[in-house]
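A short write-up of the structure that comes next.
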Amino acid sequence: LIYLDNAASTAVHPDVVKEMMPYFDVEYGNPSSIHQFGRKAKNAIQKARKQVAALVGAEPGEILFTSGGTESNNTILNGIVKLQGSEPDQNHIITSSIEHEAILRPCKEFENTGIKITYLPVDEHGIVNPDDIANSINSHTVLVSIMFANNEVGTIQPIKEISEICKKYQIPLHTDAVQAVGKIPINVKDLGVDALSISSHKINGPKGIGALFIKKGLRVSPQILGGGQENGMRSGTENVASIVGFGKACEIAKERLNENISHFQTLHSTMLSRVIKEIPHVKLNGHSEKRIFNNIHLTFLGVNGEDLIIKLDEHGIAASTGSACSMHTQKASHVLKAMGFNHEQITGSLRMSFGYLNTLDEVEQTIDVLKRVVSELRSVSPYKTKYNF
Ligand SMILES: Cc1ncc(COP(=O)(O)O)c(C=O)c1O
């Protein structure tokens with residue numbers, strides 16, 4: 001079996017599992033308890049907070065543990081909007097049209113209450129124009145939220161440039177960095193962002209845990225009230241084992257960052273050069289350089305991406321459309337649509353995403369299978385004559 005869907009989720013690293021185990025059956029105290037069981041759990045959380053902070057260049061006190069990327073995104077959006085009081089039309093948020101649903105869905109909800117949202121367009125590579133941000137800011141703008149790396153096509157946004165604009169107008173900038181963390185160097189101070197979302201299960205940590213970096217001094221209204229855990233920002237007894245695992249995953253991601261980047265680049269360039277050479281009518285989507293290299297998103301003209309995934313699965317290869325369009329459901333990817341793709345280009349898309357466990361041999365095997373299955377699917381494609389397959 002070849003797993004090429006690491007943008008969806010990753011295998012938990014064995015060292016992470018090892019680190020987590022004692023917190024289920026030995027160190028099971030409540031971190032709020034005063035006795036030594038409690039103190040040990042609390043210390044473990046503080047250690048993890050440092051590990052997460054170190055990966056993104058933050059201070060430990062700027063890290064809020066959440067249940068993952070979705071909650072981190074919702075927390076910053078709701079936490080900023082709630083601060084503005086009861087007049088929704090006094091709020092304006094700027095985001096992009098290619099964000100993950102964990103930004104877009106809350107924004108749609110906000111619109112129902114009268115809050116104004118600007119969804120910025122992207123170019124054909126999926127990149128936001130920073131000038132559009134400057135031109136969209138008005139006196140009611142309370143937040144700019146632009147994702148770091150896109151989960152479908154892997155394009156990286158000019159976050160530093162965007163942060164300079166936001167700083168000029170004194171508007172807080174949040175970035176959903178769920179797909180970028182562990183794939184490129186990230187330092188929140190150098191970038192100048194005010195908030196940043198991270199998810200553990202994308203970096204070989206456990207699922208259901210993540211973090212929101214909130215820059216010291218940025219006011220964010222707490223969303224879950226109760227016993228006052230997480231500095232009053234997120235009440236509820238902490239998920240100690242998962243926090244510990246997430247911390248370890250961040251430590252490993254930091255140690256292995258350069259090694260992983262060059263590994264992903266090797267897999268990416270091998271896959272791309274062979275596929276382009278050996279399969280006709282294929283195109284790389286997203287930007288060729290401004291991208292995370294663990295992601296390769298391709299369009300095979302005349303092929304339905306979902307049929308391709310099923311065929312690959314029959315050969316033991318796990319890939320994804322990256323929530324792209326299906327010829328059957330007619331539900332097109334909002335990301336590819338925003339990039340100006342037509343229906344045929346959208347349906348023929350396939351996302352493969354690498355993890356540290358993938359090998360060059362697996363990539364070579366996948367290319368061999370791809371050649372066969374693409375050719376099989378094209379032989380029965382409605383576009384057969386159009387492209388002379
Ligand atoms: C860009 C992006 N943001 C947010 C999320 C949601 O993260 P989680 O699964 O941790 O809630 C994902 C997950 O796919 C993602 O890719």
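Ordering of the structure tokens sets the chain letters (A, B, ...), residue numbers begin anew at 1 in every chain, and ligands are numbered from 1 in the order given.
Backbone DSSP assigns strand (DSSP E) in range 42-141 of chain A to Ile63, Leu64, Phe65, Thr66, His92, Ile93, Ile94, Thr95, Ser96, Lys116, Ile117, Thr118, Tyr119, Leu120 and Thr141 of chain A.
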Atoms to include: all heavy atoms. Write the selected residues as a tab-separated table (two decimals), in the first residue's frame.
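Output saved as result.tsv:
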chain	number	residue	atom	x	y	z
A	63	ILE	N	0.71	30.51	22.87
A	63	ILE	CA	0.12	29.29	22.27
A	63	ILE	C	-1.12	28.86	23.04
A	63	ILE	O	-1.07	28.60	24.24
A	63	ILE	CB	1.16	28.14	22.25
A	63	ILE	CG1	2.37	28.49	21.39
A	63	ILE	CG2	0.52	26.81	21.81
A	63	ILE	CD1	2.09	28.73	19.91
A	64	LEU	N	-2.24	28.78	22.33
A	64	LEU	CA	-3.49	28.30	22.92
A	64	LEU	C	-3.78	26.93	22.31
A	64	LEU	O	-3.87	26.80	21.08
A	64	LEU	CB	-4.62	29.28	22.56
A	64	LEU	CG	-6.06	28.81	22.78
A	64	LEU	CD1	-6.36	28.66	24.28
A	64	LEU	CD2	-7.05	29.79	22.15
A	65	PHE	N	-3.91	25.90	23.16
A	65	PHE	CA	-4.25	24.58	22.62
A	65	PHE	C	-5.73	24.53	22.27
A	65	PHE	O	-6.58	25.03	23.02
A	65	PHE	CB	-3.90	23.48	23.63
A	65	PHE	CG	-2.41	23.23	23.71
A	65	PHE	CD1	-1.70	23.51	24.87
A	65	PHE	CD2	-1.71	22.75	22.60
A	65	PHE	CE1	-0.33	23.31	24.94
A	65	PHE	CE2	-0.34	22.55	22.66
A	65	PHE	CZ	0.35	22.83	23.82
A	66	THR	N	-6.02	23.94	21.11
A	66	THR	CA	-7.40	23.80	20.64
A	66	THR	C	-7.60	22.35	20.19
A	66	THR	O	-6.68	21.54	20.31
A	66	THR	CB	-7.66	24.72	19.42
A	66	THR	OG1	-6.85	24.25	18.32
A	66	THR	CG2	-7.32	26.18	19.72
A	92	HIS	N	-16.08	44.19	9.60
A	92	HIS	CA	-15.74	43.80	8.23
A	92	HIS	C	-14.50	42.91	8.30
A	92	HIS	O	-13.52	43.26	8.98
A	92	HIS	CB	-15.46	45.05	7.39
A	92	HIS	CG	-14.88	44.76	6.05
A	92	HIS	ND1	-13.69	45.31	5.60
A	92	HIS	CD2	-15.31	43.95	5.04
A	92	HIS	CE1	-13.43	44.87	4.38
A	92	HIS	NE2	-14.39	44.05	4.01
A	93	ILE	N	-14.57	41.77	7.64
A	93	ILE	CA	-13.44	40.83	7.61
A	93	ILE	C	-12.99	40.65	6.16
A	93	ILE	O	-13.83	40.54	5.26
A	93	ILE	CB	-13.85	39.46	8.22
A	93	ILE	CG1	-14.14	39.63	9.72
A	93	ILE	CG2	-12.78	38.40	8.01
A	93	ILE	CD1	-14.71	38.40	10.38
A	94	ILE	N	-11.68	40.59	5.97
A	94	ILE	CA	-11.15	40.31	4.63
A	94	ILE	C	-10.53	38.93	4.64
A	94	ILE	O	-9.72	38.61	5.52
A	94	ILE	CB	-10.08	41.36	4.23
A	94	ILE	CG1	-10.70	42.77	4.23
A	94	ILE	CG2	-9.47	41.02	2.87
A	94	ILE	CD1	-9.67	43.89	4.05
A	95	THR	N	-10.94	38.11	3.69
A	95	THR	CA	-10.35	36.78	3.57
A	95	THR	C	-10.18	36.48	2.07
A	95	THR	O	-10.36	37.36	1.25
A	95	THR	CB	-11.20	35.73	4.33
A	95	THR	OG1	-10.50	34.49	4.35
A	95	THR	CG2	-12.58	35.52	3.71
A	96	SER	N	-9.83	35.24	1.74
A	96	SER	CA	-9.69	34.93	0.31
A	96	SER	C	-10.76	33.93	-0.11
A	96	SER	O	-11.37	33.27	0.74
A	96	SER	CB	-8.30	34.36	0.02
A	96	SER	OG	-8.27	32.99	0.33
A	116	LYS	N	-19.90	42.16	7.30
A	116	LYS	CA	-19.46	42.24	5.89
A	116	LYS	C	-18.18	41.43	5.71
A	116	LYS	O	-17.25	41.55	6.51
A	116	LYS	CB	-19.17	43.69	5.50
A	116	LYS	CG	-20.34	44.64	5.72
A	116	LYS	CD	-21.29	44.60	4.54
A	116	LYS	CE	-22.41	45.61	4.66
A	116	LYS	NZ	-23.27	45.47	5.85
A	117	ILE	N	-18.18	40.61	4.66
A	117	ILE	CA	-16.98	39.81	4.36
A	117	ILE	C	-16.52	40.14	2.94
A	117	ILE	O	-17.33	40.12	2.01
A	117	ILE	CB	-17.26	38.29	4.44
A	117	ILE	CG1	-18.01	37.89	5.73
A	117	ILE	CG2	-15.96	37.50	4.27
A	117	ILE	CD1	-17.20	37.86	6.99
A	118	THR	N	-15.23	40.37	2.77
A	118	THR	CA	-14.66	40.51	1.43
A	118	THR	C	-13.89	39.22	1.13
A	118	THR	O	-12.99	38.85	1.90
A	118	THR	CB	-13.69	41.71	1.35
A	118	THR	OG1	-14.43	42.90	1.66
A	118	THR	CG2	-13.07	41.84	-0.03
A	119	TYR	N	-14.29	38.54	0.06
A	119	TYR	CA	-13.57	37.32	-0.38
A	119	TYR	C	-12.68	37.73	-1.55
A	119	TYR	O	-13.19	37.97	-2.65
A	119	TYR	CB	-14.56	36.24	-0.82
A	119	TYR	CG	-15.52	35.81	0.26
A	119	TYR	CD1	-16.81	36.37	0.33
A	119	TYR	CD2	-15.17	34.85	1.20
A	119	TYR	CE1	-17.70	35.99	1.33
A	119	TYR	CE2	-16.06	34.47	2.20
A	119	TYR	CZ	-17.33	35.04	2.25
A	119	TYR	OH	-18.20	34.67	3.23
A	120	LEU	N	-11.39	37.81	-1.31
A	120	LEU	CA	-10.49	38.28	-2.37
A	120	LEU	C	-10.29	37.22	-3.45
A	120	LEU	O	-10.20	36.02	-3.15
A	120	LEU	CB	-9.14	38.66	-1.77
A	120	LEU	CG	-9.16	39.85	-0.81
A	120	LEU	CD1	-7.78	40.06	-0.23
A	120	LEU	CD2	-9.64	41.12	-1.51
A	141	THR	N	-12.92	47.40	9.16
A	141	THR	CA	-12.19	46.12	9.06
A	141	THR	C	-11.59	45.75	10.42
A	141	THR	O	-10.86	46.55	11.02
A	141	THR	CB	-11.06	46.21	7.99
A	141	THR	OG1	-11.63	46.71	6.78
A	141	THR	CG2	-10.43	44.86	7.75
When DSSP works through the backbone of this structure, what residues of range 247-323 of chain A end up as helix (DSSP H, G or I), shown as JSON, numbers by chain? {"A": [247, 248, 249, 250, 251, 252, 253, 254, 255, 256, 257, 258, 259, 260, 261, 262, 263, 264, 265, 266, 267, 268, 269, 270, 271, 272, 273, 274, 275, 276, 277, 278, 305, 306, 307, 308, 309, 310, 311, 312, 313, 314]}
Go ahead and save the picked residues with C-alpha atoms, as a short mmCIF file (atom, residue, chain, number, x, y, z; two decimals), in the first residue's frame.
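selection.cif written:
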data_model
loop_
_atom_site.label_atom_id
_atom_site.label_comp_id
_atom_site.auth_asym_id
_atom_site.auth_seq_id
_atom_site.Cartn_x
_atom_site.Cartn_y
_atom_site.Cartn_z
CA GLY A 247 4.33 18.85 21.38
CA LYS A 248 6.57 15.93 20.46
CA ALA A 249 5.36 16.05 16.85
CA CYS A 250 6.34 19.74 16.73
CA GLU A 251 9.77 18.98 18.17
CA ILE A 252 10.34 16.30 15.52
CA ALA A 253 8.99 18.56 12.76
CA LYS A 254 11.47 21.27 13.79
CA GLU A 255 14.42 18.85 13.94
CA ARG A 256 13.56 17.28 10.59
CA LEU A 257 12.39 20.39 8.74
CA ASN A 258 15.32 20.75 6.33
CA GLU A 259 15.57 17.01 5.78
CA ASN A 260 11.82 16.82 5.08
CA ILE A 261 11.88 19.79 2.71
CA SER A 262 14.63 18.28 0.57
CA HIS A 263 12.96 14.84 0.69
CA PHE A 264 9.67 16.34 -0.50
CA GLN A 265 11.45 18.29 -3.25
CA THR A 266 13.07 15.10 -4.53
CA LEU A 267 9.77 13.20 -4.55
CA HIS A 268 7.98 16.15 -6.15
CA SER A 269 10.48 16.71 -8.95
CA THR A 270 10.71 12.99 -9.73
CA MET A 271 6.95 12.67 -9.89
CA LEU A 272 6.48 15.84 -11.92
CA SER A 273 9.24 15.31 -14.48
CA ARG A 274 8.26 11.70 -15.19
CA VAL A 275 4.51 12.35 -15.31
CA ILE A 276 4.91 15.32 -17.67
CA LYS A 277 7.28 13.33 -19.90
CA GLU A 278 5.40 10.04 -19.93
CA GLY A 305 -10.38 12.53 -10.90
CA GLU A 306 -12.70 10.44 -8.76
CA ASP A 307 -12.50 7.50 -11.17
CA LEU A 308 -8.74 7.91 -11.08
CA ILE A 309 -8.71 7.76 -7.29
CA ILE A 310 -10.83 4.61 -7.31
CA LYS A 311 -8.50 2.98 -9.85
CA LEU A 312 -5.43 3.99 -7.86
CA ASP A 313 -7.07 2.62 -4.72
CA GLU A 314 -7.59 -0.73 -6.49
#
Could you pull out the residues sitting within 8 Å of ligand 1, using only C-alpha atoms and all ligand atoms, and write them as a PyMOL selection string? chain A and resi 7-9+67-73+99-103+147-152+176-179+197-202+207-210
Hey, can you check how far CA of Lys331 in chain A sits from CA of Tyr3 in chain A? 25.1 Å
Using only C-alpha atoms, which residue out of A:Phe37, A:Phe300, A:Phe24, A:Phe213 lies closest to Glu62 in chain A? A:Phe213
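The shortest atom-to-atom distance to Val16 in chain A, with only C-alpha atoms taken into account, belongs to A:Ala48 out of A:Gln229, A:Ala48, A:Ile127, A:Lys290.
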For CA of Ser333 in chain A and CA of Leu196 in chain A, the interatomic separation in Å (one decimal): 24.3 Å
Can you tell me, as a ChimeraX atom specification, what residues are no more than 12 Å from Leu1 in chain A when counting only C-alpha atoms, ignoring any on the same chain fewer than 2 positions away? /A:3-5,312-319,358,362-363,365-366
Go ahead and save the residues from that selection, with N, CA and C atoms, as a tab-separated table (two decimals), in the first residue's frame.
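Writing the result to again23.tsv gives the following:
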chain	number	residue	atom	x	y	z
A	3	TYR	N	0.62	5.30	0.61
A	3	TYR	CA	-0.22	6.37	1.13
A	3	TYR	C	0.27	7.72	0.66
A	4	LEU	N	-0.49	8.34	-0.25
A	4	LEU	CA	-0.10	9.65	-0.78
A	4	LEU	C	-1.20	10.68	-0.49
A	5	ASP	N	-1.69	10.65	0.74
A	5	ASP	CA	-2.75	11.58	1.13
A	5	ASP	C	-2.41	12.25	2.46
A	312	LEU	N	-6.69	4.01	-8.62
A	312	LEU	CA	-5.43	3.99	-7.86
A	312	LEU	C	-5.62	3.17	-6.58
A	313	ASP	N	-6.77	3.35	-5.96
A	313	ASP	CA	-7.07	2.62	-4.72
A	313	ASP	C	-7.06	1.11	-4.98
A	314	GLU	N	-7.60	0.71	-6.13
A	314	GLU	CA	-7.59	-0.73	-6.49
A	314	GLU	C	-6.16	-1.24	-6.58
A	315	HIS	N	-5.22	-0.35	-6.90
A	315	HIS	CA	-3.81	-0.73	-6.98
A	315	HIS	C	-3.08	-0.46	-5.66
A	316	GLY	N	-3.84	-0.13	-4.62
A	316	GLY	CA	-3.23	0.08	-3.30
A	316	GLY	C	-2.60	1.44	-3.10
A	317	ILE	N	-3.02	2.42	-3.92
A	317	ILE	CA	-2.44	3.76	-3.80
A	317	ILE	C	-3.53	4.73	-3.34
A	318	ALA	N	-3.26	5.42	-2.21
A	318	ALA	CA	-4.25	6.36	-1.66
A	318	ALA	C	-3.89	7.77	-2.08
A	319	ALA	N	-4.80	8.39	-2.88
A	319	ALA	CA	-4.62	9.80	-3.27
A	319	ALA	C	-5.96	10.49	-3.08
A	358	ASN	N	7.18	8.35	2.87
A	358	ASN	CA	7.16	7.98	1.45
A	358	ASN	C	8.57	7.88	0.87
A	362	GLU	N	8.31	4.28	-4.01
A	362	GLU	CA	6.84	4.38	-4.03
A	362	GLU	C	6.38	5.36	-5.11
A	363	VAL	N	7.13	6.44	-5.25
A	363	VAL	CA	6.78	7.43	-6.27
A	363	VAL	C	6.93	6.81	-7.66
A	365	GLN	N	6.73	3.65	-8.46
A	365	GLN	CA	5.63	2.67	-8.64
A	365	GLN	C	4.33	3.38	-8.97
A	366	THR	N	4.08	4.49	-8.28
A	366	THR	CA	2.83	5.24	-8.52
A	366	THR	C	2.78	5.76	-9.95
Between CA of Ile76 in chain A and CA of Asp123 in chain A, distance in Å (one decimal): 26.4 Å
